[in-house]
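Asks: One file is attached below, upload_38.txt, containing compact mmCIF, C-alpha atoms and all ligand atoms.
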```txt
# COMPACT_ATOMS: atom_id res chain seq x y z
CA MET A 1 33.61 -28.22 -11.82
CA ILE A 2 31.01 -27.97 -14.60
CA ARG A 3 28.31 -27.93 -11.91
CA ILE A 4 30.00 -25.02 -10.18
CA LEU A 5 30.33 -23.10 -13.46
CA LEU A 6 26.67 -23.72 -14.26
CA LEU A 7 25.73 -22.53 -10.79
CA ILE A 8 27.72 -19.31 -11.26
CA VAL A 9 26.05 -18.70 -14.65
CA PHE A 10 22.63 -19.39 -13.13
CA VAL A 11 23.17 -17.05 -10.18
CA THR A 12 24.51 -14.32 -12.50
CA LEU A 13 21.46 -14.62 -14.78
CA LEU A 14 19.19 -14.55 -11.75
CA LEU A 15 20.78 -11.38 -10.44
CA LEU A 16 20.55 -9.72 -13.84
CA GLY A 17 16.89 -10.69 -14.03
CA CYS A 18 16.30 -9.09 -10.62
CA ASP A 19 17.80 -5.77 -11.66
CA ASN A 20 15.13 -3.22 -10.92
CA SER A 21 17.21 -0.24 -11.89
CA THR A 22 15.50 2.62 -13.68
CA GLY A 23 18.43 3.28 -15.98
CA HIS A 24 18.65 6.79 -14.56
CA GLU A 25 20.44 6.25 -11.26
CA PRO A 26 21.93 9.55 -10.12
CA LYS A 27 25.47 9.91 -11.44
CA ASP A 28 26.25 13.44 -10.29
CA LYS A 29 27.60 14.07 -6.84
CA PRO A 30 24.86 14.68 -4.29
CA LEU A 31 23.43 18.19 -4.52
CA TYR A 32 23.60 18.59 -0.76
CA SER A 33 27.25 17.56 -0.58
CA LYS A 34 28.41 21.07 -1.48
CA ALA A 35 26.00 22.92 0.81
CA ASP A 36 26.46 24.06 4.37
CA PHE A 37 22.71 24.36 4.84
CA PRO A 38 19.89 21.80 4.34
CA ILE A 39 18.91 21.02 0.77
CA GLY A 40 15.38 19.72 0.84
CA VAL A 41 12.63 18.36 -1.34
CA ALA A 42 8.88 17.96 -0.94
CA VAL A 43 7.87 14.33 -1.26
CA ASP A 44 4.90 12.07 -1.59
CA SER A 45 5.33 8.94 0.54
CA GLU A 46 3.41 6.74 -1.90
CA ARG A 47 5.90 7.63 -4.64
CA LEU A 48 8.83 7.03 -2.30
CA ARG A 49 7.53 3.55 -1.59
CA LYS A 50 6.71 2.56 -5.15
CA ASP A 51 8.94 4.44 -7.56
CA ALA A 52 12.64 3.49 -7.49
CA GLY A 53 13.70 6.39 -9.75
CA TYR A 54 11.94 8.90 -7.52
CA ARG A 55 13.40 7.40 -4.36
CA ASP A 56 16.93 7.29 -5.83
CA ILE A 57 16.85 11.03 -6.48
CA VAL A 58 15.52 11.86 -3.03
CA VAL A 59 18.03 9.64 -1.25
CA HIS A 60 21.00 10.73 -3.35
CA HIS A 61 20.56 14.47 -3.74
CA PHE A 62 18.68 15.80 -0.71
CA ASN A 63 19.33 15.79 3.01
CA SER A 64 16.04 17.29 4.12
CA ILE A 65 12.51 16.06 3.46
CA THR A 66 9.18 17.89 3.62
CA PRO A 67 5.92 15.97 3.20
CA GLU A 68 4.14 17.74 0.35
CA ASN A 69 0.74 16.77 1.74
CA GLY A 70 1.25 13.95 4.25
CA MET A 71 1.28 16.00 7.46
CA LYS A 72 -1.45 18.45 6.57
CA MET A 73 -4.54 18.63 8.79
CA ASP A 74 -6.76 16.50 6.57
CA ALA A 75 -4.06 13.86 6.09
CA VAL A 76 -3.10 13.40 9.74
CA HIS A 77 -6.39 14.15 11.47
CA PRO A 78 -9.18 13.00 9.14
CA ARG A 79 -11.75 12.24 11.89
CA GLU A 80 -12.46 13.82 15.23
CA GLY A 81 -10.24 12.16 17.82
CA ARG A 82 -8.71 9.86 15.20
CA PHE A 83 -5.23 10.46 13.87
CA PHE A 84 -3.83 8.72 10.81
CA TRP A 85 -0.12 8.34 11.38
CA GLU A 86 0.84 5.85 8.72
CA GLU A 87 2.18 8.23 6.11
CA ALA A 88 3.97 10.56 8.52
CA ASP A 89 5.44 7.58 10.41
CA TYR A 90 6.74 6.17 7.14
CA LEU A 91 8.55 9.44 6.42
CA VAL A 92 10.00 9.55 9.93
CA GLU A 93 11.39 6.03 9.42
CA PHE A 94 12.63 6.91 5.94
CA CYS A 95 14.49 9.92 7.30
CA ALA A 96 16.01 7.87 10.12
CA GLN A 97 17.09 5.16 7.67
CA TYR A 98 18.74 7.58 5.23
CA ASN A 99 19.89 10.17 7.72
CA LYS A 100 17.69 13.04 6.48
CA ARG A 101 16.16 15.91 8.39
CA LEU A 102 12.37 16.09 8.46
CA HIS A 103 10.67 19.46 8.16
CA GLY A 104 7.01 19.22 9.20
CA HIS A 105 4.49 20.92 6.95
CA VAL A 106 2.04 22.11 8.22
CA LEU A 107 0.34 22.24 11.61
CA VAL A 108 -2.30 24.89 10.88
CA TRP A 109 -3.60 26.16 7.56
CA HIS A 110 -6.98 27.26 6.20
CA SER A 111 -6.72 24.81 3.29
CA GLN A 112 -6.76 21.00 3.38
CA VAL A 113 -8.74 21.16 6.60
CA PRO A 114 -10.76 17.98 7.27
CA VAL A 115 -14.52 18.27 6.89
CA TRP A 116 -15.14 17.51 10.56
CA MET A 117 -13.09 20.55 11.57
CA GLU A 118 -14.85 22.79 9.05
CA ASP A 119 -18.19 21.60 10.45
CA TYR A 120 -17.12 21.57 14.09
CA GLN A 121 -19.88 22.62 16.48
CA GLY A 122 -18.59 24.06 19.71
CA THR A 123 -18.08 27.15 21.77
CA ASP A 124 -15.08 29.33 20.98
CA ALA A 125 -13.30 27.79 23.97
CA GLU A 126 -13.96 24.32 22.53
CA TRP A 127 -12.61 25.43 19.14
CA GLU A 128 -9.44 26.60 20.83
CA SER A 129 -9.08 23.39 22.75
CA MET A 130 -9.68 21.38 19.55
CA LEU A 131 -6.92 23.24 17.66
CA LYS A 132 -4.55 23.06 20.63
CA GLY A 133 -5.11 19.30 20.82
CA HIS A 134 -4.35 18.98 17.10
CA VAL A 135 -1.09 20.93 17.33
CA GLN A 136 0.16 19.36 20.52
CA THR A 137 -0.70 15.77 19.62
CA ILE A 138 1.27 15.97 16.37
CA VAL A 139 4.24 17.88 17.76
CA ARG A 140 4.43 15.54 20.76
CA ARG A 141 4.39 12.41 18.60
CA TYR A 142 7.25 13.61 16.43
CA SER A 143 9.22 15.42 19.09
CA GLY A 144 12.91 14.77 18.47
CA GLU A 145 12.18 13.48 14.96
CA VAL A 146 10.76 16.49 13.18
CA SER A 147 13.47 19.11 13.54
CA SER A 148 11.43 22.08 12.33
CA TRP A 149 7.78 22.90 11.69
CA ASP A 150 5.75 25.20 9.54
CA VAL A 151 3.49 26.07 12.46
CA VAL A 152 1.07 28.32 10.59
CA ASN A 153 0.82 28.70 6.84
CA GLU A 154 -0.55 31.67 4.89
CA ALA A 155 -2.38 33.39 7.76
CA PHE A 156 -2.37 36.76 5.97
CA ALA A 157 -4.46 37.81 2.98
CA ASP A 158 -3.07 39.79 0.06
CA ASP A 159 -4.19 43.09 1.60
CA GLY A 160 -2.09 42.38 4.68
CA GLU A 161 -5.10 41.71 6.91
CA LEU A 162 -5.24 38.55 8.93
CA ARG A 163 -7.03 36.13 6.64
CA ASP A 164 -10.65 35.42 7.50
CA THR A 165 -10.42 31.73 8.36
CA ILE A 166 -12.32 29.41 10.67
CA TRP A 167 -9.40 29.74 13.08
CA ARG A 168 -9.56 33.49 13.28
CA HIS A 169 -13.34 33.44 13.35
CA HIS A 170 -13.62 31.08 16.34
CA ILE A 171 -10.40 31.64 18.26
CA GLY A 172 -9.67 35.27 17.45
CA GLY A 173 -6.74 37.10 15.88
CA ASP A 174 -4.34 35.76 18.47
CA TYR A 175 -4.70 32.18 17.21
CA VAL A 176 -1.38 32.42 15.33
CA ALA A 177 0.55 33.32 18.49
CA LYS A 178 -1.27 30.59 20.40
CA CYS A 179 -0.28 27.97 17.83
CA PHE A 180 3.38 28.96 18.14
CA ARG A 181 3.20 28.81 21.94
CA TRP A 182 1.50 25.38 21.90
CA ALA A 183 4.12 24.02 19.50
CA GLY A 184 7.04 25.56 21.42
CA ASP A 185 5.76 24.33 24.78
CA THR A 186 5.42 20.82 23.40
CA ASP A 187 8.81 20.56 21.72
CA PRO A 188 11.15 23.36 22.78
CA GLU A 189 13.91 21.96 20.56
CA ALA A 190 11.98 22.15 17.27
CA ARG A 191 12.59 25.21 15.07
CA LEU A 192 9.31 27.03 14.45
CA PHE A 193 8.50 28.77 11.16
CA TYR A 194 5.79 30.96 9.74
CA ASN A 195 5.39 30.14 6.03
CA ASP A 196 3.82 32.28 3.30
CA TYR A 197 3.89 33.23 -0.38
CA SER A 198 4.34 36.53 -2.23
CA LEU A 199 6.23 38.23 0.62
CA PRO A 200 9.01 39.60 -1.64
CA TYR A 201 6.53 41.46 -3.86
CA ASN A 202 3.57 42.13 -1.63
CA GLN A 203 4.66 44.89 0.71
CA SER A 204 1.40 44.88 2.70
CA LYS A 205 1.71 41.21 3.44
CA LEU A 206 5.41 41.41 4.24
CA ASP A 207 4.74 44.33 6.63
CA ALA A 208 1.98 42.33 8.29
CA VAL A 209 4.27 39.32 8.79
CA LEU A 210 7.08 41.49 10.12
CA GLY A 211 4.60 43.25 12.40
CA MET A 212 3.54 39.86 13.73
CA VAL A 213 7.19 38.94 14.37
CA ASP A 214 7.83 42.24 16.18
CA ASP A 215 4.76 41.66 18.30
CA PHE A 216 5.87 38.07 19.12
CA GLN A 217 9.34 39.23 20.07
CA HIS A 218 8.10 42.04 22.31
CA ARG A 219 5.65 40.02 24.34
CA GLU A 220 6.53 38.83 27.82
CA PRO A 221 7.44 36.04 27.58
CA PRO A 222 8.17 36.25 23.84
CA VAL A 223 6.17 34.02 21.52
CA PRO A 224 8.65 31.48 20.14
CA ILE A 225 9.40 31.85 16.44
CA ASP A 226 12.67 30.92 14.73
CA GLY A 227 12.17 31.85 11.14
CA ILE A 228 10.15 32.68 8.07
CA GLY A 229 9.56 30.38 5.13
CA LEU A 230 9.51 32.29 1.88
CA GLN A 231 7.57 30.08 -0.50
CA MET A 232 9.62 30.48 -3.66
CA HIS A 233 6.94 29.86 -6.26
CA VAL A 234 8.58 32.15 -8.80
CA THR A 235 9.06 32.49 -12.53
CA ASP A 236 12.31 32.89 -14.41
CA SER A 237 12.01 36.68 -14.10
CA PHE A 238 9.50 37.51 -11.37
CA PRO A 239 9.83 38.66 -8.65
CA PRO A 240 13.03 40.64 -9.26
CA MET A 241 16.08 39.54 -7.29
CA ASP A 242 16.28 42.91 -5.54
CA SER A 243 12.85 42.57 -4.01
CA ILE A 244 13.69 39.06 -2.75
CA ARG A 245 16.90 40.42 -1.24
CA GLU A 246 15.04 43.27 0.47
CA ALA A 247 12.51 40.90 2.03
CA MET A 248 15.33 38.66 3.25
CA ASP A 249 17.16 41.65 4.73
CA LYS A 250 14.11 42.67 6.71
CA ILE A 251 13.68 39.15 8.07
CA ARG A 252 17.33 38.72 9.00
CA GLY A 253 17.19 42.17 10.63
CA ARG A 254 14.86 40.55 13.19
CA GLY A 255 17.44 37.81 13.80
CA LEU A 256 15.17 35.23 12.18
CA GLU A 257 16.22 32.31 10.02
CA VAL A 258 15.07 32.23 6.40
CA ARG A 259 13.92 29.21 4.44
CA PHE A 260 13.32 29.18 0.72
CA SER A 261 10.57 26.78 1.52
CA GLU A 262 8.79 25.81 -1.71
CA LEU A 263 11.11 26.50 -4.62
CA ASP A 264 9.84 26.02 -8.14
CA ILE A 265 10.48 28.16 -11.20
CA SER A 266 7.61 28.34 -13.62
CA LEU A 267 8.57 28.71 -17.28
CA ASN A 268 5.05 28.90 -18.62
CA PHE A 269 3.19 31.24 -16.30
CA LEU A 270 0.84 32.38 -19.06
CA GLY A 271 0.28 28.86 -20.33
CA ILE A 272 1.29 29.70 -23.91
CA TYR A 273 4.04 27.13 -24.47
CA THR A 274 3.62 23.46 -25.19
CA ASP A 275 7.30 22.53 -25.36
CA LEU A 276 10.35 23.22 -23.29
CA THR A 277 13.11 24.89 -25.30
CA GLU A 278 16.84 25.16 -24.62
CA ASP A 279 16.44 28.87 -24.17
CA MET A 280 13.85 28.38 -21.44
CA GLU A 281 16.08 25.81 -19.76
CA GLN A 282 19.00 28.23 -19.75
CA ARG A 283 16.91 31.02 -18.24
CA GLN A 284 15.80 28.64 -15.53
CA ARG A 285 19.39 27.60 -14.88
CA GLU A 286 20.45 31.23 -14.47
CA ARG A 287 17.50 31.97 -12.21
CA VAL A 288 18.29 29.04 -9.91
CA PHE A 289 21.91 30.08 -9.80
CA ASP A 290 20.93 33.62 -8.79
CA LEU A 291 18.51 32.44 -6.10
CA VAL A 292 20.93 29.98 -4.52
CA ASP A 293 23.72 32.52 -4.73
CA LEU A 294 21.54 35.12 -3.03
CA TYR A 295 20.59 32.63 -0.34
CA ARG A 296 24.25 31.90 0.37
CA GLY A 297 24.71 35.57 1.22
CA LEU A 298 22.73 35.08 4.44
CA PRO A 299 24.76 34.64 7.62
CA GLU A 300 25.37 30.95 8.19
CA ASP A 301 23.31 30.75 11.38
CA LEU A 302 20.24 32.14 9.58
CA ARG A 303 20.31 29.68 6.68
CA ALA A 304 17.59 27.18 7.51
CA GLY A 305 17.71 25.71 4.02
CA ILE A 306 16.24 25.58 0.56
CA THR A 307 13.48 23.10 -0.26
CA VAL A 308 12.48 22.32 -3.83
CA TRP A 309 8.73 21.74 -4.16
CA GLY A 310 8.75 18.32 -5.81
CA VAL A 311 11.12 15.90 -7.51
CA SER A 312 10.45 15.84 -11.25
CA ASP A 313 8.54 18.24 -13.48
CA ALA A 314 5.82 15.62 -13.80
CA ASP A 315 5.20 15.74 -10.04
CA SER A 316 4.79 19.47 -9.73
CA TRP A 317 1.55 20.78 -8.22
CA ILE A 318 1.59 23.50 -10.90
CA ARG A 319 0.57 21.15 -13.68
CA HIS A 320 -2.50 19.77 -11.95
CA HIS A 321 -3.46 22.92 -10.08
CA TYR A 322 -3.31 25.31 -13.04
CA HIS A 323 -4.01 22.75 -15.76
CA ARG A 324 -1.07 23.92 -17.81
CA MET A 325 2.16 22.45 -19.05
CA ASP A 326 5.17 23.61 -17.06
CA TRP A 327 8.69 22.52 -16.19
CA PRO A 328 9.39 24.12 -12.82
CA LEU A 329 11.72 21.65 -11.08
CA LEU A 330 15.30 20.31 -11.21
CA PHE A 331 14.63 16.92 -12.83
CA ASP A 332 12.73 16.03 -15.99
CA GLU A 333 9.97 13.44 -16.33
CA ASP A 334 12.59 10.68 -16.65
CA TYR A 335 14.47 11.86 -13.56
CA ARG A 336 17.32 13.26 -15.61
CA PRO A 337 18.93 16.36 -14.08
CA LYS A 338 18.01 19.50 -16.02
CA PRO A 339 20.23 22.53 -16.60
CA ALA A 340 18.53 24.02 -13.53
CA PHE A 341 20.02 21.22 -11.45
CA TYR A 342 23.50 22.19 -12.64
CA GLY A 343 22.75 25.87 -12.01
CA PHE A 344 21.88 24.95 -8.42
CA MET A 345 25.08 22.92 -8.05
CA GLU A 346 27.23 25.66 -9.61
CA ALA A 347 25.88 28.25 -7.19
CA LEU A 348 26.75 25.98 -4.26
CA GLU A 349 30.29 25.49 -5.55
CA TYR A 350 30.85 29.07 -6.65
O1 LIG B 401 -6.03 13.17 -1.52
C1 LIG B 401 -6.64 13.15 -2.82
C2 LIG B 401 -6.62 11.77 -3.34
O2 LIG B 401 -7.42 10.97 -2.51
C3 LIG B 401 -7.13 11.77 -4.78
O3 LIG B 401 -6.99 10.49 -5.32
C4 LIG B 401 -6.34 12.77 -5.64
C5 LIG B 401 -6.89 12.86 -7.05
O4 LIG B 401 -6.42 14.03 -7.68
O5 LIG B 401 -6.43 14.01 -5.04
C6 LIG B 401 -5.83 14.01 -3.75
O6 LIG B 401 -5.76 15.26 -3.18
C7 LIG B 401 -4.87 16.17 -3.81
C8 LIG B 401 -3.70 16.44 -2.87
O7 LIG B 401 -2.86 17.46 -3.41
C9 LIG B 401 -2.84 15.20 -2.62
O8 LIG B 401 -2.30 14.74 -3.82
C10 LIG B 401 -5.63 17.43 -4.09
O9 LIG B 401 -6.59 17.19 -5.09
C11 LIG B 401 -4.69 18.54 -4.53
O10 LIG B 401 -5.40 19.76 -4.59
C12 LIG B 401 -3.56 18.68 -3.53
O11 LIG B 401 -2.70 19.70 -3.99
C13 LIG B 401 -1.74 20.15 -3.07
C14 LIG B 401 -2.00 21.60 -2.71
O12 LIG B 401 -0.97 22.07 -1.85
C15 LIG B 401 -3.33 21.75 -1.98
O13 LIG B 401 -3.55 23.07 -1.71
C16 LIG B 401 -0.37 20.06 -3.75
O14 LIG B 401 -0.05 18.68 -3.97
C17 LIG B 401 0.71 20.71 -2.91
O15 LIG B 401 1.89 20.81 -3.64
C18 LIG B 401 0.27 22.12 -2.52
O16 LIG B 401 1.27 22.65 -1.67
C19 LIG B 401 1.03 23.98 -1.20
C20 LIG B 401 1.70 24.09 0.15
O17 LIG B 401 1.19 23.09 1.00
C21 LIG B 401 1.49 25.48 0.76
N1 LIG B 401 1.93 26.49 -0.16
C22 LIG B 401 1.37 26.44 -1.49
C23 LIG B 401 1.64 25.08 -2.12
C24 LIG B 401 1.14 25.02 -3.53
O18 LIG B 401 -0.25 25.15 -3.57
```
Will you turn the file into structure tokens for me?
Replies:
Amino acid sequence: MIRILLLIVFVTLLLLGCDNSTGHEPKDKPLYSKADFPIGVAVDSERLRKDAGYRDIVVHHFNSITPENGMKMDAVHPREGRFFWEEADYLVEFCAQYNKRLHGHVLVWHSQVPVWMEDYQGTDAEWESMLKGHVQTIVRRYSGEVSSWDVVNEAFADDGELRDTIWRHHIGGDYVAKCFRWAGDTDPEARLFYNDYSLPYNQSKLDAVLGMVDDFQHREPPVPIDGIGLQMHVTDSFPPMDSIREAMDKIRGRGLEVRFSELDISLNFLGIYTDLTEDMEQRQRERVFDLVDLYRGLPEDLRAGITVWGVSDADSWIRHHYHRMDWPLLFDEDYRPKPAFYGFMEALEY
């Protein structure tokens, strides 16, 4: 009897010793549980593997995953003819294990292009064949597993002209349409998105994107496109809600789905604050509420989802990119939900 008791005590102590909890396991109900559209987050696969607190949040609160960098051109295709699948494969398995959707970001962009592509020596026909191979190889590998793609990202400049990129330079202005056709031919089931920033407040760029959509839809056969990703890198007051609504109306008028694809709400755009105050937190909470509420006004079949661009404030690209303190996301550095998290939840329940 004493031996059995000792064994129980030993096993209990062992289990306690093995507790790798972070102390901040999510206690609120899952954010996505109240939504009838995907609630996503941009992730880093290294963090998912190694950081239990980070993983807990992703698994518990989100039902859609976007690789923040792991499927970009330089990550997946670092050498000519050599693809690096490890990180993307890990995310595919993660999504299968936890029953999440995977939104692929991004097949073609002018940034995070591998050096070999930048330096590629070939005729224009060879450039086209190189880009086509890139798009089709990735879409084919993840066909049936990646449910939607950002096919082309940020193809337009601020003046509304097609951005002067290596793709335009070597393949011509029609490269965007070609990318959508290559992706659609390879996986006709995947939803295909064009993704860009500043559309709600840059009329020239919005007109250019809508012009592209009109052109795609009027071609014979039409160029496949399912929706527009509005990168929601916003502040607590800019751009105004009305201008976001107007941009959404124009997109839905074309029958296209809308994603709020990269949501973060900067509270320190000018870089003048060193600390986060309650007042700032409240403004962020109200802003998230308004954005989610606005999004819910879309017809159900056009709601492709909202994706938050990172897990905790400490992970946000804004801090390292702009070298300033900021608190743009739903969770703080210790993975505690911020008022913004509750603003998001309230808008879903409202
Ligand atoms: O890969 C290197 C790594 O080897 C090195 O150790 C590390 C040291 O800092 O840098 C790593 O590269 C960084 C990469 O993120 C991966 O972490 C780059 O320096 C950094 O510039 C890069 O930033 C990403 C940025 O895109 C690049 O333009 C951000 O994480 C990512 O959030 C951001 O996301 C973009 C969307 O894709 C498109 N829309 C705009 C959005 C914000 O810029």
Asks: Please, which residues have at least one atom within 9 Å of an atom of ligand LIG 401 (chain B), using all atoms listed in the file, listed as JSON, numbers by chain?
Replies: {"A": [42, 44, 67, 68, 69, 70, 72, 74, 75, 105, 106, 109, 111, 112, 153, 154, 195, 196, 197, 231, 233, 261, 262, 309, 310, 315, 316, 317, 318, 320, 321]}
Asks: With all atoms listed in the file as the counted atoms, please give the residues lying no more than 12 Å from A:Asp332, apart from itself and same-chain residues fewer than 4 positions off, as a list in words.
Replies: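 My list of contacting residues is His24, Gly53, Tyr54, Ile57, Leu276, Glu281, Gly310, Val311, Ser312, Asp313, Ala314, Asp315, Ser316, Asp326, Trp327, Pro328, Arg336, Pro337, Lys338, Pro339, Ala340 and Phe341 of chain A.
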Asks: Which residues are near stretch 137-151 of chain A? Cut-off 7 Å, all atoms listed in the file, ignore same chain within fewer than 2 positions. Put them as a list of chain:residue names.
Replies: A:Val92, A:Arg101, A:Leu102, A:His103, A:Gly104, A:His105, A:Val106, A:Leu107, A:Val108, A:Gly133, A:His134, A:Val135, A:Asn153, A:Cys179, A:Phe180, A:Ala183, A:Thr186, A:Asp187, A:Ala190, A:Arg191, A:Leu192, A:Phe193, A:Tyr194, A:Asn195
Asks: Box for stretch 25-34 of chain A - axis-aligned, 8 Å on each of the six sides, all listed atoms - centre and size in Å to one decimal, as lines of an AutoDock Vina configuration file.
Replies:
```
center_x = 24.4
center_y = 13.7
center_z = -6.0
size_x = 24.0
size_y = 30.8
size_z = 26.9
```
Asks: Quick one, how far is atom CA of A:Phe269 from atom CA of A:Thr235?
Replies: 7.1 Å
Asks: Separation of atom CA of A:Leu31 and atom CA of A:His61, in Å?
Replies: 4.8 Å
Asks: Counting all atoms listed in the file, which of A:Ile251, A:Met241, A:Met71, A:Ile171 gets nearest to A:Leu210?
Replies: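 So, comparing all the options, the nearest one is A:Ile251.
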Asks: Using all atoms listed in the file, determine which residues lie at most 10 Å from A:Ile306, disregarding the query and same-chain residues fewer than 6 positions distant; provide the list as a list in words.
Replies: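 Selected residues are Phe37, Pro38, Ile39, Gly40, Val41, Ser64, Gly229, Leu230, Gln231, Met232, Val258, Arg259, Phe260, Ser261, Glu262, Leu263, Leu291, Val292 and Tyr295 of chain A.
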Asks: For the atom pair atom CA of A:Lys50 and atom CA of A:Pro26, what is the interatomic distance in Å to one decimal place?
Replies: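 Distance reported for this atom pair: 17.5 Å.
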Asks: For A:Asp293, which residue among A:Thr277, A:Ala35, A:Ser129, A:Trp182 is the nearest when counting only C-alpha atoms?
Replies: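 Once distances to A:Asp293 are computed over only C-alpha atoms, the minimum belongs to A:Ala35.
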Asks: Using all atoms listed in the file, determine which residues lie at most 8 Å from A:Arg254, disregarding the query and same-chain residues fewer than 2 positions distant; provide the list as a PyMOL selection string.
Replies: chain A and resi 213-214+250-252+256
Asks: Excluding same-chain residues fewer than 6 positions from A:His60, what lies within 10 Å of it counting only C-alpha atoms, as an NGL selection string?
Replies: :A and (25-33 or 98)
Asks: Which one is closest to A:Lys132: A:Ile225, A:Val176, A:Leu270, A:Val209? Count all atoms listed in the file.
Replies: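 Using all atoms listed in the file, the shortest distance to A:Lys132 belongs to A:Val176.
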Asks: Compare A:Trp167, A:Trp127, A:Phe344, A:Phe94 by their minimum atom-to-atom distance to A:Leu294, counting only C-alpha atoms, and give me the closest one.
Replies: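 Selected residue with least distance to A:Leu294: A:Phe344.
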Asks: When you count all atoms listed in the file, which of these residues is closest to A:Ser243: A:Val223, A:Leu348, A:Ile166, A:Leu199?
Replies: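 The closest residue to A:Ser243 is A:Leu199.
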